[in-house]
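**Student:** I'd like to ask you about the structure that follows.
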Amino acid sequence: MAIKLYSWPRSSGTRVSWALEELGISYEYVELDPKKQEHRAAQYLAVSPGGKVPGFVDGDITFFESGAIVIYLGEKYGIDEKLWPADGQARADAMCWTMWAMSDFGNYMMQYAYHGLDSPVSYQPADRSRACAEYNRSQFVRGLDALQARLQEREYLLGAFSLADIPAASWLQLGRLFDIKVDGHPRVADWVQRCSERPAVQRAR
C-alpha cells in the first residue's frame with residue numbers, strides 16, 4: 001500500500017485521517033504507542049524528525065506536520081474530487097485558511113486551554129499565567145470573529161465543504177473536549193456541527 005499514516009487516536013493525525021476518509025483513498029493506519037516510545041524510534045524519526053505525530057508516507061515521499069499533509073492531499077488528490085480548488089482566489093483561500101488554522105488559530109486556543117481553563121491538558125494552577133491566558137483568549141476570540149465573518153453568507157469556508165474546513169474545524173472539535181465555548185458565534189457553532197456530522201469524521205482516527 002502506497003500511503004501510510006503514522007498516528008494515534010485523538011491527535012493531530014486525526015485531521016489527516018479525516019481528510020483521507022473524505023477523499024476515499026485507501027491507506028494504512030500505523031498506530032504508534034507513545035508509552036513504548038515508538039514515536040522516538042529511528043525509523044519513525046526518518047519520517048517525522050521531531051518525533052511527533054502525524055507522519056505520512058506517499059510512495060517515496062514523506063511528510064510531517066498535519067497542515068502540510070492536508071495541503072498536499074488537497075493539491076494531489078482533492079482537485080479531482082472537488083474537495084480542493086484548482087486555481088485562482090479559491091485555491092489561495094484554501095491555502096490561507098489552512099495555514100491560518102495551523103499556525104495561528106489552534107495555537108491560541110491551546111495556550112488558552114493550558115493557562116486559562118481547568119481541563120485535562122491545563123497546567124497546574126501554580127504554573128499558569130493569567131496574562132498569557134487573557135492574551136490568548138482574546139486572540140482566540142479574534143479568530144472566532146474571523147470565522148464568523150467568513151461564514152456569514154457561506155455554509156463552509158469556501159462555500160461548499162472542502163479539505164480547507166478540516167484544520168480549523170478539527171481544532172474546535174478538540175476544544176469541545178476541553179469545554180471551550182464559541183458563544184456569540186452562531187455561524188461558527190453551526191459550521192462545526194455540520195462538519196462533525198460528516199460520515200468521514202466518524203471513520204477518522
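Within each chain, counting starts at residue 1; across the C-alpha cells, chains are named A, B, ... in the order shown, with ligands numbered 1 upward in that order.
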Write out as a ChimeraX atom specification which residues come within 12 Å of A:Leu5 when counting only C-alpha atoms, dropping same-chain ones fewer than 5 positions away.
**Tutor:** /A:12-21,25-32,44,47-48,53-59,62-66,69,204-205
**Student:** Which residues of stretch 18-115 of chain A have any atom within 9 Å of an atom in stretch 154-163 of chain A when counting only C-alpha atoms, and what is the closest pair of atoms for each, with the distance in Å to one decimal? Order the rows by chain and rising number and write it as a tab-separated table.
**Tutor:**
```
residue	atom	partner	partner_atom	distance
A:Trp18	CA	A:Leu163	CA	9.0
A:Ala19	CA	A:Leu163	CA	6.3
A:Glu22	CA	A:Leu163	CA	8.1
A:Leu23	CA	A:Leu163	CA	9.0
A:Val70	CA	A:Leu163	CA	7.0
A:Ile71	CA	A:Leu163	CA	8.1
A:Leu73	CA	A:Leu163	CA	8.5
A:Gly74	CA	A:Leu163	CA	6.6
A:Gly78	CA	A:Leu163	CA	7.6
A:Lys82	CA	A:Ser162	CA	7.6
A:Leu83	CA	A:Ser162	CA	4.4
A:Trp84	CA	A:Ser162	CA	5.8
A:Pro85	CA	A:Ser162	CA	8.5
A:Ala90	CA	A:Leu158	CA	6.9
A:Asp93	CA	A:Leu158	CA	7.5
A:Ala94	CA	A:Leu158	CA	7.2
A:Trp97	CA	A:Leu157	CA	8.0
A:Thr98	CA	A:Leu163	CA	8.5
```
**Student:** From the options A:Arg130, A:Lys76, A:Arg142, A:Arg91, which residue's atoms come nearest to A:Tyr108, counting only C-alpha atoms?
**Tutor:** A:Arg142
**Student:** Can you list every residue in stretch 3-78 of chain A that DSSP puts in strand (DSSP E), as a ChimeraX atom specification?
**Tutor:** /A:3-7,28-31,55-58,61-64
**Student:** As a count of residues only, please: all residues of chain A that backbone DSSP puts in alpha helix (DSSP H).
**Tutor:** 96
**Student:** Please compute the atom CA of A:Arg198-atom CA of A:Asp33 distance, one decimal, in Å.
**Tutor:**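 Atom CA of A:Arg198 sits 27.9 Å away from atom CA of A:Asp33.
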**Student:** Which residues are close to A:Met99, i.e. within 9 Å by only C-alpha atoms, leaving aside same-chain residues fewer than 6 positions away? Reply as a PDB file with C-alpha atoms, in the first residue's frame.
**Tutor:**
```pdb
ATOM      1  CA  GLY A  67      -1.330  21.190   7.870  1.00  0.00           C
ATOM      2  CA  ALA A  68       1.327  20.433   5.264  1.00  0.00           C
ATOM      3  CA  ILE A  71      -2.423  20.840   1.646  1.00  0.00           C
ATOM      4  CA  PRO A 167      -7.927  22.216  10.119  1.00  0.00           C
TER       5      PRO A 167
END
```
